[in-house]
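Quick notes on the structure that follows.
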Amino acid sequence: MHKKLLIPGPTEVSTQVLQEQGRPLIGHRSKAFSELYGGITGKLTSLFELPENYQPTTTTSSGTLWFDIVGRSIVKKKALCCINGAFSKRFGEIVRSCDKPADYIEVEWGSVVKPDAIAEKLATGEYDTLTMCHNESSTGTRSPVTEVGKLLKKEVPDVVFAVDSVSSMGGDWTLPHEMGVDILFASTQKCFALPPGLAIAFVNDKALARAQEVPNRGGYTDMLEIFEFEEKHQTPFTPNVSLLYALDKRLDLMLAETYKHIYQRHLDMAELTRKWAKTHFEMVPEKGYESVTVSCIKNTLGKNVKELNQNLAERGLEISNGYGKLSEKTFRIGHMGEWTVEGIKEALAAIDEIWSLKT
Ligand SMILES: *Cc1c(COP(=O)(O)O)cnc(C)c1O
């Protein structure tokens, strides 16, 4: 039986969007491709209200490629990496593996690195890049990116701010210029409700100017080459054309729903899930920093999450166990993409029934 995915990626993809991938292929150096790709650029620009100094791009990769792009194309002197969970840690590790110096500010999983701590480190003048994860999917924690962006603009305007928005872009409110972020990126299998295989990124002129100064940017990770090809509405290497058809369709649907409504729907789903969680359990994130797209819940009743998923499977549903070392100690409900409040209500009612939770 088909299990509807309530996990923090991949999320459920509608048949309508899946079917777009069946269209006949076109050459990626053809006029038809430039029209398709240019259309996607226009739709991303309008959905995310990008000002003149920001450009969108779509890479055929998962979102993690952008950890490498930041490491190879952006960090010149030294990076400061904010770590509060598995994905933000991977970001820091990948920057170091690109042979670039990086210091970590690490806090307990479930909390966030506070702007004051960042300001103090950046004041040393040692750093030219700051990395952060907006929405830590391992703990369902949302970092105060906009506050940090404001601080950077005021105190250290030359530092490039690169933010992983993989599991929040397209669900939570993530307009890069409002957040004060220079590079913001995401994967298609999360809030965009598409199959995995593409990453979407927004980059501003400041980040592009930095890349000009950085040697040895690699091949697939050369951010300047990506944007040189953008000028012709093309990509440097062969893109996943089939998935671009699906993205084009999905962007039409998102524009029709409107950015505001998409955000409100995600917020409603998050508030419903948090309320349910607090009735029976506790939330993992520090209060006030709960994610809008994935709720991470402490398993305070010591329930068996693996067994729950076996039972949910019979009802055509799947949630997520805790990430890595948090398995069974926590569990996660992803409410992103095309999910609605009605769908989440049904899923929570199914969990109530299986675990005999009284409301
Ligand atoms: C899923 C996820 C990633 C990894 O994305 P891939 O598409 O697998 O590369 C990175 N960061 C966050 C916050 C995620 O949720």
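Chain labels run A, B, ... following the order of the structure tokens; each chain numbers its residues from 1, and ligands are numbered from 1 in the order shown.
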inquiry  = To check your reading of the model: which residues sit at most 9 Å from ligand 1 when counting only C-alpha atoms and all ligand atoms? Write the answer as a PyMOL selection string.
reply    = chain A and resi 8-10+61-67+85-88+90-91+133-138+164-168+186-190+196-199
Skipping near chain neighbours, those fewer than 5 positions away, what residues fall within 8 Å of Phe281 of chain A using only C-alpha atoms, listed as a PDB file with C-alpha atoms, in the first residue's frame?
ATOM      1  CA  ILE A 297       8.526  15.633  19.955  1.00  0.00           C
ATOM      2  CA  LYS A 298      10.095  14.155  23.114  1.00  0.00           C
ATOM      3  CA  ASN A 299       8.831  10.621  23.649  1.00  0.00           C
ATOM      4  CA  THR A 300       8.124  11.268  27.342  1.00  0.00           C
ATOM      5  CA  LEU A 301       5.651   8.343  27.539  1.00  0.00           C
TER       6      LEU A 301
END
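Of the listed residues (A:Val145, A:Ala102, A:Leu5, A:Val107), A:Ala102 comes nearest to Asp128 of chain A; the distances count only C-alpha atoms.
Across A:Thr330, A:Ser34, A:Gln21, A:Thr131, the tightest approach to Met283 of chain A is made by A:Thr330 when counting only C-alpha atoms.
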inquiry  = Could you pull out the alpha helix (DSSP H) residues of segment 141-335 of chain A, going by DSSP on the backbone, and write them as number ranges by chain?
reply    = A: 145-155, 176-179, 205-213, 223-230, 241-257, 259-280, 305-314
Pull C-alpha atoms from the residues just selected and write them as a PDB file, in the first residue's frame.
ATOM      1  CA  VAL A 145      18.199  33.938  11.015  1.00  0.00           C
ATOM      2  CA  THR A 146      16.571  37.356  10.463  1.00  0.00           C
ATOM      3  CA  GLU A 147      17.975  38.688  13.752  1.00  0.00           C
ATOM      4  CA  VAL A 148      21.429  37.437  12.815  1.00  0.00           C
ATOM      5  CA  GLY A 149      21.076  38.959   9.326  1.00  0.00           C
ATOM      6  CA  LYS A 150      20.303  42.378  10.860  1.00  0.00           C
ATOM      7  CA  LEU A 151      23.303  42.129  13.120  1.00  0.00           C
ATOM      8  CA  LEU A 152      25.638  41.279  10.231  1.00  0.00           C
ATOM      9  CA  LYS A 153      24.425  44.182   8.135  1.00  0.00           C
ATOM     10  CA  LYS A 154      25.131  46.580  10.987  1.00  0.00           C
ATOM     11  CA  GLU A 155      28.358  45.189  12.429  1.00  0.00           C
ATOM     12  CA  PRO A 176      16.298  36.041   1.480  1.00  0.00           C
ATOM     13  CA  HIS A 177      16.487  39.866   1.357  1.00  0.00           C
ATOM     14  CA  GLU A 178      14.213  40.178   4.397  1.00  0.00           C
ATOM     15  CA  MET A 179      16.331  37.639   6.266  1.00  0.00           C
ATOM     16  CA  ASP A 205      25.652  40.300  -5.846  1.00  0.00           C
ATOM     17  CA  LYS A 206      27.717  40.436  -2.658  1.00  0.00           C
ATOM     18  CA  ALA A 207      28.170  36.643  -2.672  1.00  0.00           C
ATOM     19  CA  LEU A 208      29.010  36.670  -6.396  1.00  0.00           C
ATOM     20  CA  ALA A 209      31.614  39.390  -5.829  1.00  0.00           C
ATOM     21  CA  ARG A 210      33.178  37.243  -3.103  1.00  0.00           C
ATOM     22  CA  ALA A 211      33.382  34.219  -5.408  1.00  0.00           C
ATOM     23  CA  GLN A 212      35.396  36.366  -7.863  1.00  0.00           C
ATOM     24  CA  GLU A 213      38.118  36.593  -5.211  1.00  0.00           C
ATOM     25  CA  MET A 223      29.299  29.324  -8.351  1.00  0.00           C
ATOM     26  CA  LEU A 224      30.498  31.851 -10.952  1.00  0.00           C
ATOM     27  CA  GLU A 225      30.129  29.359 -13.792  1.00  0.00           C
ATOM     28  CA  ILE A 226      26.589  28.538 -12.640  1.00  0.00           C
ATOM     29  CA  PHE A 227      25.600  32.205 -12.893  1.00  0.00           C
ATOM     30  CA  GLU A 228      27.439  32.748 -16.195  1.00  0.00           C
ATOM     31  CA  PHE A 229      25.139  30.110 -17.684  1.00  0.00           C
ATOM     32  CA  GLU A 230      22.114  31.645 -15.948  1.00  0.00           C
ATOM     33  CA  VAL A 241      14.995  18.282 -17.470  1.00  0.00           C
ATOM     34  CA  SER A 242      12.166  15.963 -16.359  1.00  0.00           C
ATOM     35  CA  LEU A 243      12.288  17.315 -12.841  1.00  0.00           C
ATOM     36  CA  LEU A 244      12.425  20.887 -14.157  1.00  0.00           C
ATOM     37  CA  TYR A 245       9.071  20.224 -15.896  1.00  0.00           C
ATOM     38  CA  ALA A 246       7.664  19.180 -12.524  1.00  0.00           C
ATOM     39  CA  LEU A 247       9.190  22.233 -10.803  1.00  0.00           C
ATOM     40  CA  ASP A 248       7.671  24.531 -13.427  1.00  0.00           C
ATOM     41  CA  LYS A 249       4.231  23.035 -12.736  1.00  0.00           C
ATOM     42  CA  ARG A 250       4.685  23.155  -8.971  1.00  0.00           C
ATOM     43  CA  LEU A 251       5.671  26.833  -9.118  1.00  0.00           C
ATOM     44  CA  ASP A 252       2.438  27.579 -11.025  1.00  0.00           C
ATOM     45  CA  LEU A 253       0.498  25.893  -8.220  1.00  0.00           C
ATOM     46  CA  MET A 254       2.449  27.763  -5.533  1.00  0.00           C
ATOM     47  CA  LEU A 255       1.949  31.129  -7.246  1.00  0.00           C
ATOM     48  CA  ALA A 256      -1.778  30.403  -7.507  1.00  0.00           C
ATOM     49  CA  GLU A 257      -1.950  29.540  -3.795  1.00  0.00           C
ATOM     50  CA  TYR A 259       3.187  32.898  -0.722  1.00  0.00           C
ATOM     51  CA  LYS A 260       1.177  34.270   2.191  1.00  0.00           C
ATOM     52  CA  HIS A 261      -1.347  31.459   2.105  1.00  0.00           C
ATOM     53  CA  ILE A 262       1.327  28.757   1.809  1.00  0.00           C
ATOM     54  CA  TYR A 263       3.023  30.153   4.917  1.00  0.00           C
ATOM     55  CA  GLN A 264      -0.256  30.425   6.848  1.00  0.00           C
ATOM     56  CA  ARG A 265      -1.159  26.825   5.965  1.00  0.00           C
ATOM     57  CA  HIS A 266       2.220  25.605   7.262  1.00  0.00           C
ATOM     58  CA  LEU A 267       1.868  27.686  10.421  1.00  0.00           C
ATOM     59  CA  ASP A 268      -1.623  26.274  11.040  1.00  0.00           C
ATOM     60  CA  MET A 269      -0.335  22.705  10.622  1.00  0.00           C
ATOM     61  CA  ALA A 270       2.580  23.419  12.988  1.00  0.00           C
ATOM     62  CA  GLU A 271       0.354  24.979  15.653  1.00  0.00           C
ATOM     63  CA  LEU A 272      -2.067  22.062  15.501  1.00  0.00           C
ATOM     64  CA  THR A 273       0.770  19.533  15.833  1.00  0.00           C
ATOM     65  CA  ARG A 274       2.438  21.431  18.708  1.00  0.00           C
ATOM     66  CA  LYS A 275      -0.840  21.665  20.579  1.00  0.00           C
ATOM     67  CA  TRP A 276      -1.377  17.928  20.174  1.00  0.00           C
ATOM     68  CA  ALA A 277       2.229  17.220  21.209  1.00  0.00           C
ATOM     69  CA  LYS A 278       2.011  19.361  24.342  1.00  0.00           C
ATOM     70  CA  THR A 279      -1.187  17.578  25.413  1.00  0.00           C
ATOM     71  CA  HIS A 280       0.593  14.214  25.560  1.00  0.00           C
ATOM     72  CA  VAL A 305       7.929   4.604  17.645  1.00  0.00           C
ATOM     73  CA  LYS A 306       9.043   1.786  15.341  1.00  0.00           C
ATOM     74  CA  GLU A 307       5.903  -0.183  16.159  1.00  0.00           C
ATOM     75  CA  LEU A 308       3.780   2.942  15.692  1.00  0.00           C
ATOM     76  CA  ASN A 309       5.096   3.273  12.163  1.00  0.00           C
ATOM     77  CA  GLN A 310       4.276  -0.389  11.432  1.00  0.00           C
ATOM     78  CA  ASN A 311       0.706   0.297  12.539  1.00  0.00           C
ATOM     79  CA  LEU A 312       0.519   3.585  10.646  1.00  0.00           C
ATOM     80  CA  ALA A 313       1.734   1.766   7.513  1.00  0.00           C
ATOM     81  CA  GLU A 314      -1.458  -0.309   7.562  1.00  0.00           C
TER      82      GLU A 314
END
request  = Assign secondary structure with DSSP using the backbone only, and return the residues of segment 74-263 of chain A in strand (DSSP E or B) as a VMD selection string.
outcome  = chain A and resid 79 to 83 102 to 106 109 111 129 to 133 135 to 136 141 to 142 160 to 164 169 172 183 to 187 199 to 204
Just to be explicit: take each residue in the selection above, keep N, CA, C and O atoms, and write the result as a short mmCIF file (atom, residue, chain, number, x, y, z; two decimals), in the first residue's frame.
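result.cif, written as the output of this step:
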data_model
loop_
_atom_site.label_atom_id
_atom_site.label_comp_id
_atom_site.auth_asym_id
_atom_site.auth_seq_id
_atom_site.Cartn_x
_atom_site.Cartn_y
_atom_site.Cartn_z
N ALA A 79 35.67 30.52 7.99
CA ALA A 79 34.22 30.52 8.23
C ALA A 79 33.91 30.34 9.71
O ALA A 79 34.69 29.70 10.44
N LEU A 80 32.77 30.91 10.12
CA LEU A 80 32.23 30.62 11.44
C LEU A 80 30.95 29.82 11.20
O LEU A 80 30.07 30.26 10.45
N CYS A 81 30.87 28.62 11.79
CA CYS A 81 29.73 27.73 11.52
C CYS A 81 28.91 27.53 12.79
O CYS A 81 29.44 27.06 13.80
N CYS A 82 27.63 27.88 12.72
CA CYS A 82 26.73 27.70 13.87
C CYS A 82 26.18 26.27 13.83
O CYS A 82 25.60 25.86 12.82
N ILE A 83 26.35 25.54 14.92
CA ILE A 83 25.96 24.13 14.94
C ILE A 83 24.99 23.85 16.08
O ILE A 83 25.29 24.11 17.25
N ALA A 102 37.62 26.64 9.47
CA ALA A 102 36.28 26.94 10.00
C ALA A 102 36.28 26.73 11.50
O ALA A 102 36.80 25.73 11.99
N ASP A 103 35.72 27.68 12.23
CA ASP A 103 35.49 27.51 13.67
C ASP A 103 34.02 27.21 13.87
O ASP A 103 33.17 27.69 13.11
N TYR A 104 33.73 26.44 14.91
CA TYR A 104 32.34 26.10 15.21
C TYR A 104 31.87 26.82 16.47
O TYR A 104 32.63 26.95 17.42
N ILE A 105 30.62 27.29 16.47
CA ILE A 105 29.96 27.63 17.74
C ILE A 105 28.90 26.56 17.89
O ILE A 105 27.95 26.50 17.10
N GLU A 106 29.08 25.70 18.87
CA GLU A 106 28.19 24.55 19.00
C GLU A 106 27.34 24.69 20.25
O GLU A 106 27.85 25.02 21.32
N TRP A 109 21.76 20.26 21.07
CA TRP A 109 20.71 20.01 20.08
C TRP A 109 19.36 20.41 20.67
O TRP A 109 19.08 20.08 21.83
N SER A 111 18.50 23.61 20.99
CA SER A 111 18.56 25.06 21.20
C SER A 111 19.14 25.69 19.94
O SER A 111 19.44 25.01 18.96
N THR A 129 32.90 34.47 6.43
CA THR A 129 31.71 33.71 6.06
C THR A 129 31.03 33.20 7.34
O THR A 129 31.71 32.78 8.27
N LEU A 130 29.70 33.25 7.35
CA LEU A 130 28.95 32.69 8.48
C LEU A 130 27.97 31.66 7.92
O LEU A 130 27.24 31.94 6.97
N THR A 131 27.95 30.46 8.51
CA THR A 131 26.97 29.46 8.06
C THR A 131 26.00 29.14 9.19
O THR A 131 26.34 29.17 10.37
N MET A 132 24.76 28.86 8.78
CA MET A 132 23.71 28.57 9.75
C MET A 132 22.67 27.68 9.07
O MET A 132 22.53 27.70 7.85
N CYS A 133 21.94 26.93 9.88
CA CYS A 133 20.82 26.15 9.35
C CYS A 133 19.54 26.79 9.85
O CYS A 133 19.35 26.91 11.06
N ASN A 135 16.41 25.75 9.59
CA ASN A 135 15.41 24.83 10.13
C ASN A 135 16.08 23.47 10.34
O ASN A 135 16.16 22.67 9.41
N GLU A 136 16.60 23.22 11.55
CA GLU A 136 17.32 21.97 11.84
C GLU A 136 16.32 20.81 11.87
O GLU A 136 15.61 20.62 12.85
N THR A 141 14.07 22.50 15.04
CA THR A 141 14.40 23.78 15.66
C THR A 141 14.67 24.85 14.59
O THR A 141 15.37 24.60 13.62
N ARG A 142 14.10 26.03 14.83
CA ARG A 142 14.17 27.13 13.86
C ARG A 142 15.08 28.23 14.42
O ARG A 142 14.79 28.81 15.46
N VAL A 160 29.91 37.09 4.38
CA VAL A 160 28.86 36.47 3.56
C VAL A 160 28.09 35.49 4.44
O VAL A 160 28.67 34.63 5.10
N PHE A 161 26.77 35.66 4.45
CA PHE A 161 25.89 34.85 5.30
C PHE A 161 25.24 33.78 4.42
O PHE A 161 24.44 34.08 3.54
N ALA A 162 25.61 32.50 4.66
CA ALA A 162 25.10 31.38 3.86
C ALA A 162 24.21 30.51 4.73
O ALA A 162 24.65 30.04 5.79
N VAL A 163 22.98 30.32 4.32
CA VAL A 163 22.01 29.65 5.18
C VAL A 163 21.34 28.45 4.49
O VAL A 163 20.83 28.56 3.38
N ASP A 164 21.38 27.32 5.17
CA ASP A 164 20.66 26.11 4.77
C ASP A 164 19.19 26.30 5.11
O ASP A 164 18.83 26.41 6.29
N MET A 169 12.39 26.44 3.13
CA MET A 169 12.04 27.26 1.97
C MET A 169 10.81 26.69 1.24
O MET A 169 10.77 25.50 0.94
N ASP A 172 7.91 27.68 5.28
CA ASP A 172 8.09 28.78 6.22
C ASP A 172 8.29 30.07 5.42
O ASP A 172 8.44 30.05 4.20
N ILE A 183 23.24 33.89 0.66
CA ILE A 183 23.03 32.63 -0.08
C ILE A 183 22.04 31.78 0.71
O ILE A 183 22.29 31.44 1.87
N LEU A 184 20.91 31.48 0.09
CA LEU A 184 19.88 30.68 0.76
C LEU A 184 19.52 29.52 -0.17
O LEU A 184 19.27 29.75 -1.35
N PHE A 185 19.53 28.30 0.34
CA PHE A 185 19.30 27.17 -0.57
C PHE A 185 18.40 26.09 0.03
O PHE A 185 18.26 25.99 1.25
N ALA A 186 17.79 25.30 -0.88
CA ALA A 186 16.86 24.25 -0.45
C ALA A 186 16.86 23.09 -1.44
O ALA A 186 17.36 23.22 -2.56
N SER A 187 16.28 21.97 -1.03
CA SER A 187 16.13 20.79 -1.89
C SER A 187 14.66 20.67 -2.30
O SER A 187 13.77 21.05 -1.54
N ALA A 199 18.22 21.24 -6.42
CA ALA A 199 18.34 22.22 -5.33
C ALA A 199 18.04 23.59 -5.92
O ALA A 199 18.35 23.87 -7.08
N ILE A 200 17.41 24.42 -5.10
CA ILE A 200 17.07 25.79 -5.51
C ILE A 200 17.87 26.72 -4.62
O ILE A 200 17.90 26.52 -3.40
N ALA A 201 18.51 27.72 -5.21
CA ALA A 201 19.29 28.65 -4.40
C ALA A 201 19.06 30.08 -4.83
O ALA A 201 18.79 30.35 -6.01
N PHE A 202 19.15 31.00 -3.87
CA PHE A 202 19.10 32.43 -4.15
C PHE A 202 20.44 33.02 -3.72
O PHE A 202 20.89 32.77 -2.60
N VAL A 203 21.04 33.79 -4.61
CA VAL A 203 22.38 34.32 -4.36
C VAL A 203 22.38 35.81 -4.70
O VAL A 203 21.81 36.20 -5.72
N ASN A 204 23.02 36.63 -3.87
CA ASN A 204 23.04 38.06 -4.20
C ASN A 204 24.40 38.50 -4.76
O ASN A 204 25.36 37.71 -4.81
#
request  = Figure out the distance between atom CA of Glu346 of chain A and atom CA of Glu282 of chain A, please, to one decimal in Å.
outcome  = 20.5 Å
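Rounded to one decimal, atom CA of Gly42 of chain A and atom CA of Ile69 of chain A lie 23.2 Å from each other.
Interatomic distance, atom CA of Pro239 of chain A to atom CA of Thr45 of chain A: 19.7 Å.
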key: Nearest candidate to Ser291 of chain A (options A:Thr60, A:Ser320, A:Asn53, A:Ser143; using only C-alpha atoms)   = A:Ser143
key: Among the residues A:Thr340, A:Ala123, A:Lys345, A:Gln234, the one that comes closest to Ile40 of chain A [using only C-alpha atoms]   = A:Gln234
query = Near Cys191 of chain A, counting only C-alpha atoms, which residues have an atom at most 6 Å away, once you skip same-chain residues fewer than 2 positions from it, shown as JSON, numbers by chain?
reply = {"A": [170, 171, 193, 336, 337]}
Output the selection as a tab-separated table (two decimals), in the first residue's frame - N, CA and C atoms for each residue.
chain	number	residue	atom	x	y	z
A	170	GLY	N	9.85	27.55	1.01
A	170	GLY	CA	8.64	27.12	0.31
A	170	GLY	C	7.54	26.67	1.27
A	171	GLY	N	7.83	26.73	2.58
A	171	GLY	CA	6.81	26.39	3.58
A	171	GLY	C	6.77	27.50	4.62
A	193	ALA	N	7.58	19.95	-2.35
A	193	ALA	CA	6.75	18.78	-2.68
A	193	ALA	C	7.00	18.26	-4.09
A	336	MET	N	4.75	19.46	5.72
A	336	MET	CA	5.28	20.37	4.70
A	336	MET	C	4.74	20.02	3.33
A	337	GLY	N	4.97	20.93	2.39
A	337	GLY	CA	4.60	20.67	1.00
A	337	GLY	C	3.12	20.85	0.76
